[in-house]
Each structure stands twice: as structure tokens, then as C-alpha cells.
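Text of model_30.txt, listed as compact mmCIF, C-alpha atoms:
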# COMPACT_ATOMS: atom_id res chain seq x y z
CA MET N 125 26.06 62.33 28.91
CA ILE N 126 23.16 61.99 26.48
CA ARG N 127 23.39 58.95 24.22
CA VAL N 128 22.10 59.43 20.68
CA LEU N 129 21.60 56.96 17.86
CA VAL N 130 22.06 58.64 14.46
CA THR N 131 20.34 56.63 11.72
CA ASP N 132 20.85 57.35 8.04
CA ASP N 133 21.74 55.15 5.08
CA SER N 134 24.21 57.81 3.96
CA ARG N 135 27.51 57.72 5.85
CA VAL N 136 28.12 61.24 4.59
CA MET N 137 24.86 62.45 6.09
CA ARG N 138 25.51 60.67 9.40
CA GLN N 139 28.83 62.47 9.56
CA ILE N 140 27.17 65.82 8.80
CA VAL N 141 24.52 65.22 11.47
CA ILE N 142 27.19 64.31 14.03
CA ARG N 143 29.27 67.36 13.06
CA THR N 144 26.21 69.60 13.34
CA LEU N 145 25.35 68.22 16.77
CA ARG N 146 28.85 69.15 17.88
CA GLN N 147 28.57 72.61 16.29
CA ALA N 148 25.24 73.09 18.07
CA GLY N 149 27.02 72.46 21.37
CA TYR N 150 25.74 68.96 22.10
CA ASP N 151 28.63 66.92 23.44
CA TRP N 152 26.74 63.64 23.13
CA ASP N 153 27.78 60.03 23.03
CA VAL N 154 27.02 59.00 19.43
CA ARG N 155 26.20 55.62 17.94
CA GLU N 156 25.30 55.09 14.29
CA ALA N 157 22.93 52.85 12.33
CA SER N 158 22.70 52.64 8.55
CA ASP N 159 18.97 51.90 8.20
CA GLY N 160 15.83 51.40 10.23
CA ALA N 161 16.32 47.68 10.71
CA GLU N 162 19.83 48.18 12.07
CA ALA N 163 18.56 50.94 14.34
CA LEU N 164 15.78 48.73 15.68
CA GLU N 165 18.30 46.05 16.63
CA ALA N 166 20.60 48.63 18.22
CA ILE N 167 17.73 50.09 20.28
CA ARG N 168 16.49 46.68 21.39
CA ALA N 169 20.03 45.80 22.51
CA ASP N 170 20.77 49.09 24.27
CA GLU N 171 18.16 51.85 24.27
CA PRO N 172 19.68 55.30 23.67
CA ASP N 173 18.35 58.55 25.18
CA VAL N 174 17.34 59.90 21.78
CA VAL N 175 17.12 58.75 18.16
CA LEU N 176 17.79 61.04 15.20
CA SER N 177 16.68 59.31 12.02
CA ASP N 178 16.44 59.83 8.30
CA TRP N 179 13.04 59.04 6.81
CA ASN N 180 13.79 57.48 3.44
CA MET N 181 16.06 54.44 3.89
CA PRO N 182 16.31 50.91 2.46
CA ASN N 183 15.22 47.87 4.52
CA MET N 184 13.18 49.89 7.02
CA THR N 185 12.19 53.53 6.68
CA GLY N 186 12.41 55.96 9.56
CA ILE N 187 8.64 56.18 10.00
CA ASP N 188 8.36 52.38 10.06
CA LEU N 189 11.14 52.29 12.65
CA LEU N 190 9.29 54.77 14.85
CA ARG N 191 5.97 52.91 14.56
CA ARG N 192 7.69 49.61 15.33
CA LEU N 193 9.40 51.07 18.39
CA ARG N 194 6.14 52.42 19.76
CA ALA N 195 4.39 49.11 19.01
CA GLU N 196 7.09 47.32 21.01
CA GLY N 197 6.67 49.71 23.93
CA PHE N 198 9.79 51.83 23.43
CA GLN N 199 9.08 55.47 24.23
CA THR N 200 12.57 56.60 23.14
CA PRO N 201 12.53 60.31 22.20
CA PHE N 202 12.65 60.34 18.41
CA GLY N 203 13.32 63.07 15.85
CA PHE N 204 13.55 62.98 12.08
CA VAL N 205 16.34 64.56 10.04
CA THR N 206 15.09 64.28 6.49
CA SER N 207 15.26 65.90 3.07
CA GLU N 208 11.47 66.05 2.93
CA GLY N 209 9.83 68.54 5.22
CA SER N 210 6.33 68.80 3.75
CA PRO N 211 3.37 69.51 6.05
CA GLU N 212 2.03 66.01 5.32
CA MET N 213 5.26 64.37 6.48
CA ARG N 214 5.45 66.57 9.56
CA ALA N 215 1.88 65.54 10.43
CA ALA N 216 2.68 61.85 9.86
CA ALA N 217 5.83 62.16 12.00
CA GLU N 218 3.93 63.84 14.81
CA SER N 219 1.06 61.39 14.81
CA ALA N 220 3.54 58.50 14.98
CA GLY N 221 5.11 60.07 18.05
CA ALA N 222 8.10 62.02 16.73
CA LEU N 223 9.14 65.04 18.79
CA PHE N 224 10.42 67.03 15.81
CA LEU N 225 11.37 66.95 12.17
CA ILE N 226 14.47 68.76 10.97
CA ALA N 227 14.49 69.29 7.20
CA LYS N 228 17.73 68.97 5.24
CA PRO N 229 19.61 71.12 4.56
CA PHE N 230 19.99 72.24 8.15
CA THR N 231 22.23 74.41 10.27
CA ALA N 232 23.45 74.15 13.87
CA ASP N 233 20.90 76.86 14.70
CA ALA N 234 18.10 74.69 13.30
CA PHE N 235 19.27 71.82 15.51
CA ARG N 236 19.27 74.03 18.61
CA GLU N 237 15.84 75.46 17.79
CA VAL N 238 14.15 72.08 17.92
CA ILE N 239 16.39 70.13 20.30
CA ASP N 240 16.80 72.70 23.11
CA PRO N 241 13.07 72.76 23.95
CA VAL N 242 13.04 68.95 24.08
CA LEU N 243 15.95 68.93 26.51
CA ALA N 244 14.41 71.59 28.74
CA MET D 54 1.13 76.26 -18.73
CA SER D 55 3.82 77.11 -16.21
CA PRO D 56 6.06 74.28 -15.02
CA ILE D 57 5.23 72.62 -11.71
CA VAL D 58 8.44 73.98 -10.18
CA GLU D 59 9.91 77.33 -11.09
CA HIS D 60 13.50 77.97 -12.10
CA ALA D 61 13.95 80.43 -9.24
CA GLN D 62 12.65 77.93 -6.68
CA ILE D 63 15.15 75.29 -7.76
CA PHE D 64 17.99 77.80 -7.73
CA MET D 65 17.05 78.84 -4.19
CA ILE D 66 16.96 75.20 -3.07
CA ALA D 67 20.34 74.46 -4.70
CA GLN D 68 21.93 77.53 -3.15
CA GLU D 69 20.57 76.67 0.27
CA VAL D 70 21.73 73.05 0.02
CA PHE D 71 25.24 74.03 -1.05
CA ALA D 72 25.50 76.76 1.57
CA ALA D 73 24.35 74.51 4.43
CA MET D 74 25.84 71.15 3.46
CA VAL D 75 28.87 71.86 1.33
CA ASP D 76 30.32 75.31 1.82
CA GLY D 77 29.04 76.58 5.15
CA ASP D 78 28.72 79.86 3.36
CA ALA D 79 26.24 81.26 0.86
CA GLY D 80 27.24 82.60 -2.52
CA LEU D 81 29.61 79.91 -3.78
CA LEU D 82 26.96 78.50 -6.13
CA GLN D 83 26.01 81.01 -8.79
CA PRO D 84 24.43 81.03 -12.25
CA TRP D 85 26.88 80.07 -15.00
CA ASP D 86 27.59 82.96 -17.27
CA GLY D 87 27.35 81.96 -20.95
CA ASP D 88 27.42 78.52 -22.55
CA LEU D 89 28.45 75.58 -20.45
CA PRO D 90 31.68 73.92 -21.65
CA ALA D 91 31.78 70.22 -22.50
CA LEU D 92 32.17 68.33 -19.23
CA ASP D 93 35.30 66.26 -18.69
CA GLN D 94 34.32 62.83 -17.29
CA ALA D 95 30.75 63.82 -16.52
CA VAL D 96 29.06 62.23 -13.53
CA SER D 97 25.38 62.47 -12.61
CA SER D 98 23.37 61.82 -9.48
CA TRP D 99 19.60 61.71 -9.34
CA VAL D 100 16.53 60.82 -7.34
CA ASP D 101 13.10 59.97 -8.67
CA ILE D 102 9.87 61.40 -7.31
CA HIS D 103 6.85 59.08 -7.45
CA GLY D 104 3.26 60.12 -6.97
CA ASP D 105 0.58 62.03 -8.83
CA TRP D 106 3.49 63.82 -10.46
CA LEU D 107 6.45 61.74 -11.64
CA GLY D 108 9.80 63.34 -12.02
CA ARG D 109 13.52 63.25 -11.44
CA ALA D 110 16.02 65.70 -9.99
CA VAL D 111 19.42 65.35 -11.66
CA LEU D 112 22.81 66.87 -10.86
CA THR D 113 25.62 66.66 -13.39
CA THR D 114 29.17 67.84 -13.10
CA GLU D 115 32.75 66.80 -13.86
CA LYS D 116 34.25 63.91 -11.92
CA SER D 117 36.90 66.17 -10.40
CA THR D 118 34.20 68.54 -9.15
CA ALA D 119 32.16 65.67 -7.70
CA ASP D 120 35.34 64.50 -5.93
CA ASP D 121 35.77 67.95 -4.42
CA LEU D 122 32.13 68.01 -3.34
CA ALA D 123 32.70 64.70 -1.54
CA ARG D 124 35.85 66.10 0.08
CA ALA D 125 33.89 69.13 1.28
CA LEU D 126 31.07 67.01 2.69
CA LEU D 127 33.44 64.60 4.40
CA ASP D 128 35.86 67.23 5.69
CA MET D 129 38.69 65.69 3.68
CA GLY D 130 41.92 67.35 2.67
CA ALA D 131 42.43 68.58 -0.91
CA ASP D 132 44.94 65.81 -1.65
CA GLU D 133 43.03 62.95 -0.03
CA GLU D 134 41.76 60.34 -2.46
CA VAL D 135 37.98 60.01 -2.74
CA THR D 136 36.83 56.41 -2.92
CA GLU D 137 34.00 55.37 -5.23
CA PRO D 138 31.61 54.60 -2.31
CA ASP D 139 32.28 58.03 -0.79
CA LEU D 140 31.73 59.73 -4.15
CA VAL D 141 28.45 57.87 -4.69
CA ASP D 142 27.30 58.58 -1.14
CA ALA D 143 28.21 62.28 -1.12
CA PHE D 144 27.12 63.24 -4.64
CA GLY D 145 23.99 61.12 -4.29
CA GLU D 146 23.09 62.78 -1.01
CA ILE D 147 23.20 66.23 -2.59
CA ALA D 148 20.72 65.03 -5.24
CA ASN D 149 18.64 63.44 -2.50
CA VAL D 150 18.33 66.66 -0.52
CA ILE D 151 17.64 68.77 -3.61
CA GLY D 152 15.07 66.20 -4.79
CA GLY D 153 13.42 66.09 -1.38
CA ASN D 154 13.06 69.85 -1.36
CA VAL D 155 11.70 69.87 -4.92
CA LYS D 156 9.16 67.24 -3.85
CA SER D 157 8.08 69.49 -0.99
CA LEU D 158 7.01 72.09 -3.57
CA LEU D 159 4.58 69.74 -5.30
CA PRO D 160 0.85 70.19 -4.76
CA THR D 161 0.42 66.54 -3.76
CA GLN D 162 3.04 64.49 -1.98
CA GLY D 163 4.39 61.21 -3.26
CA SER D 164 7.50 59.30 -2.32
CA LEU D 165 11.16 59.84 -3.03
CA GLY D 166 13.37 57.14 -4.48
CA LEU D 167 16.88 56.44 -3.29
CA PRO D 168 19.72 58.36 -4.93
CA THR D 169 21.64 56.87 -7.84
CA VAL D 170 25.01 57.92 -9.26
CA ALA D 171 26.36 57.06 -12.71
CA SER D 172 28.20 58.63 -15.60
CA VAL D 173 24.87 59.65 -17.07
CA ALA D 174 21.25 59.58 -15.91
CA PRO D 175 19.51 57.10 -18.23
CA LEU D 176 17.09 58.67 -20.64
CA LEU D 177 13.48 57.72 -20.07
CA GLY D 178 10.83 57.62 -22.75
CA GLY D 179 8.34 60.37 -22.14
CA ALA D 180 10.70 62.32 -19.91
CA VAL D 181 10.90 66.05 -20.51
CA VAL D 182 13.43 68.39 -18.99
CA ILE D 183 11.21 71.06 -17.46
CA GLN D 184 13.99 73.03 -15.79
CA GLU D 185 17.72 73.11 -16.35
CA LEU D 186 19.97 75.34 -14.32
CA ARG D 187 23.48 75.99 -15.57
CA LEU D 188 25.44 76.81 -12.44
CA ALA D 189 28.97 77.47 -11.29
CA TRP D 190 30.16 75.96 -8.02
CA ARG D 191 33.38 77.74 -7.10
CA GLY D 192 33.60 78.65 -10.78
CA ARG D 193 33.20 75.07 -12.02
CA PRO D 194 30.28 73.90 -14.16
CA LEU D 195 27.37 72.10 -12.54
CA LEU D 196 23.95 71.34 -13.98
CA VAL D 197 20.78 70.91 -11.96
CA ALA D 198 17.83 69.62 -13.93
CA VAL D 199 14.27 68.58 -13.14
CA TRP D 200 12.60 66.12 -15.45
CA GLU D 201 8.92 65.41 -15.73
CA ILE D 202 8.11 61.80 -16.57
CA GLU D 203 4.91 60.55 -18.12
CA ASN D 204 2.88 58.16 -15.98
CA THR D 205 3.49 55.19 -18.24
CA VAL D 206 7.25 54.97 -17.78
CA GLN D 207 7.77 54.67 -14.02
CA GLU D 208 11.24 53.43 -13.32
CA GLY D 209 13.88 53.65 -10.63
CA ASN D 210 13.91 53.02 -6.92
CA HIS D 211 10.70 52.93 -4.98
CA SER D 212 10.55 53.32 -1.27
With the file now loaded, output its structure as C-alpha cells.
Amino acid sequence: MIRVLVTDDSRVMRQIVIRTLRQAGYDWDVREASDGAEALEAIRADEPDVVLSDWNMPNMTGIDLLRRLRAEGFQTPFGFVTSEGSPEMRAAAESAGALFLIAKPFTADAFREVIDPVLA
Amino acid sequence: MSPIVEHAQIFMIAQEVFAAMVDGDAGLLQPWDGDLPALDQAVSSWVDIHGDWLGRAVLTTEKSTADDLARALLDMGADEEVTEPDLVDAFGEIANVIGGNVKSLLPTQGSLGLPTVASVAPLLGGAVVIQELRLAWRGRPLLVAVWEIENTVQEGNHS
């Protein structure tokens, strides 16, 4: 079973992401982190198969989390789920090593569209 | 000069956000027909946009409506009590997603602040309401506004 770490400072949004994963047909083992710093500790302690992260969070943003992970040698597959889907942010996400960026609001179809190719 | 974001663009964003996050179905957020009534126990949520253009996206509705929005987002029953943290999280997140999508429309990108929820969004000197949408969510009043803020009065959360 795939193990995912869902990172968002909003508990509501974590719940929506987890619900949408289920609706998209991904029966994954889910852990949660409430900001980038908490996610970094969780990944260092037990690396998941994939990280789904918000961008804009207190303590450590999602992009800082991704850069820190890569700097520490973690190649954990990483995707953003964020309210900001501008071309500039997509480019920044890609250059930092993100596999995809899902813009909020999203649907189960949107999850499948970007996650299925990564799983293939 | 036309405003930096159009009324129709904000309405489309709001409809999409409510359809995807809240209702799972389009069409439950519509323009309000006529004057908006006085709101009972108004509550607002907002996010600030920082960059070349400074602004704020603000949602305002009645407390009972914000409670129901939180129930919808959290899959709660109609008679379940909504705690203050859940209300702040849920109503703030709707403003966050609307604000993020408004920011995506801007010609140059800045950063988005963290959402804030209070009984009223504090007035800022130099702030001008450039768009105000009077809407009905399931027939209940809800305001979505975009403010433009002059460069000299930056306030709010930075990230």
C-alpha cells in the first residue's frame, strides 16, 4: 500500500485532500502534517512513498520543505496541492523537483489526471 | 481604467470553489437578487495579496451560514456543533482558495498571506473595494469582495 504524507496547515483542507484521494480511488495509507517543519521531521523519521503538500504554510512553506528535502538527499516523490496555480509557481515547483501541482479547488478527476501518470 | 480583476472572473472563481469544495455540485452559489439584508452576526474571512499589486479578498456572511459551510467542508451532520477552530479553519480556507485564484489573475505574482477570520475585516486606510459580489449560497446572503490597497498601508500576514 502506498504511504502518503498530506501536509497542510488547514485541518479542513487535509481532510478534503484525504477524501478526494479516496474518491479518486487511491486506497492509500495516510499520515498528516500541519506545516513544512512538521512534515520534514515526519519524513526524516519515516520516509513516505509520496508527499502531497500545500505551498503557503506557517513555519516552513511547501517549497522550502521540498528544497530542504532535496538538499538532504531525499528524493521522495512530491506534489503540491495549493490555492495558487500560476505559471510562475508551477515553474518554481518543477525546478525544485515537484512532480505536479494541483490547484485548489480540485476534483477527484484532477487528482487522477496528475497522479495516475506518476504511478504508471 | 478597468479594475485589475473583473466581476465575472471573481464570480466564476467563487462558483468553482463552492462547487468543488463545498457542495460537490455547481449552481448552489448564485447572484443575490435585489438588496442584501442586514447580516445577523456577520463573520468575515480574508487573505491579503502582497506584491506589485496589494489587495485583499474578503468573504462575509452570517455566523449560521459560516457554520453550515464548515459542516459541509468537514462532512458534519446538520445538528453537530461547529467549534470555533473548525469555523476559523473552514471559512478561512474558502477565502484562501478564492484569494489564491484571484492572485493567479494578476499580471505579476506576489505572495499570499495566511487567512484570517473575525467579525469584520478591519478597514485599511487607502483601501478601495474594487469588486463586491452579492451572492446567495443555498439562498443565504454571502458577500465576496476584492479590495485594492495603496502601497503605503501594507498590513496583515506575510509569508
Distance limit 7 Å, atoms considered: all atoms listed in the file. Which chain D residues sit that close to chain N? Return them as JSON, numbers by chain.
{"D": [70, 73, 74, 126, 127, 142, 143, 149, 150, 153, 154, 157]}
Using C-alpha atoms, can you export the residues from the last selection as a PDB file, keeping the file's coordinate frame?
ATOM      1  CA  VAL D  70      21.730  73.050   0.020  1.00  0.00           C
ATOM      2  CA  ALA D  73      24.350  74.510   4.430  1.00  0.00           C
ATOM      3  CA  MET D  74      25.840  71.150   3.460  1.00  0.00           C
ATOM      4  CA  LEU D 126      31.070  67.010   2.690  1.00  0.00           C
ATOM      5  CA  LEU D 127      33.440  64.600   4.400  1.00  0.00           C
ATOM      6  CA  ASP D 142      27.300  58.580  -1.140  1.00  0.00           C
ATOM      7  CA  ALA D 143      28.210  62.280  -1.120  1.00  0.00           C
ATOM      8  CA  ASN D 149      18.640  63.440  -2.500  1.00  0.00           C
ATOM      9  CA  VAL D 150      18.330  66.660  -0.520  1.00  0.00           C
ATOM     10  CA  GLY D 153      13.420  66.090  -1.380  1.00  0.00           C
ATOM     11  CA  ASN D 154      13.060  69.850  -1.360  1.00  0.00           C
ATOM     12  CA  SER D 157       8.080  69.490  -0.990  1.00  0.00           C
TER      13      SER D 157
END
Between CA of Asp86 in chain D and CA of Val182 in chain D, what is the spacing in Å?
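Straight-line distance from CA of Val182 in chain D to CA of Asp86 in chain D works out to 20.4 Å.
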Neighbour list for range 160-164 of chain N as a list in words, cut-off 9 Å, all atoms listed in the file, skip fewer than 2 positions in-chain
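Using all atoms listed in the file, the neighbours found are Leu129, Val130, Thr131, Asp132, Asp133, Glu156, Ala157, Ser158, Ala166, Ile167, Arg168, Ala169, Val175, Ser177, Asp178, Trp179, Met181, Pro182, Asn183, Met184, Thr185, Gly186, Ile187, Asp188, Leu189, Leu190, Arg192 and Leu193 of chain N.
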As a check of understanding: the span from CA of Val155 in chain D to CA of Glu59 in chain D is 9.8 Å
So how far away is CA of Thr113 in chain D from CA of Ala174 in chain D, in Å?
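CA of Thr113 in chain D lies at a distance of 8.7 Å from CA of Ala174 in chain D.
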Up to 10 Å from (27.8, 60.0, 24.4) in the file's coordinates: name the residues, counting only C-alpha atoms, as a VMD selection string.
chain N and resid 125 to 129 150 to 155 172 to 173
Would you mind listing what lies within 9 Å of Asp120 in chain D as a list of chain:residue names, with only C-alpha atoms counted and same-chain residues fewer than 6 positions away left out?
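Contacts, with the query itself left out: D:Glu134, D:Val135, D:Thr136, D:Asp139, D:Leu140, D:Ala143, D:Phe144.
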Centre, x/y/z edge lengths, axis-aligned box for range 167-174 of chain D with 3 Å per side, as lines of an AutoDock Vina configuration file:
center_x = 22.5
center_y = 58.0
center_z = -10.2
size_x = 17.3
size_y = 9.2
size_z = 19.8
Residue neighbourhood Gln68 in chain D, 9 Å, all atoms listed in the file, exclusion window fewer than 6 positions, as a ChimeraX atom specification
/D:79-83
For a cutoff of 12 Å around the file-coordinate point (14.7, 72.3, 18.7), which residues qualify once you count all atoms listed in the file? I'd like the result as JSON, numbers by chain.
{"N": [145, 148, 203, 204, 205, 223, 224, 225, 226, 227, 230, 231, 232, 233, 234, 235, 236, 237, 238, 239, 240, 241, 242, 243, 244]}
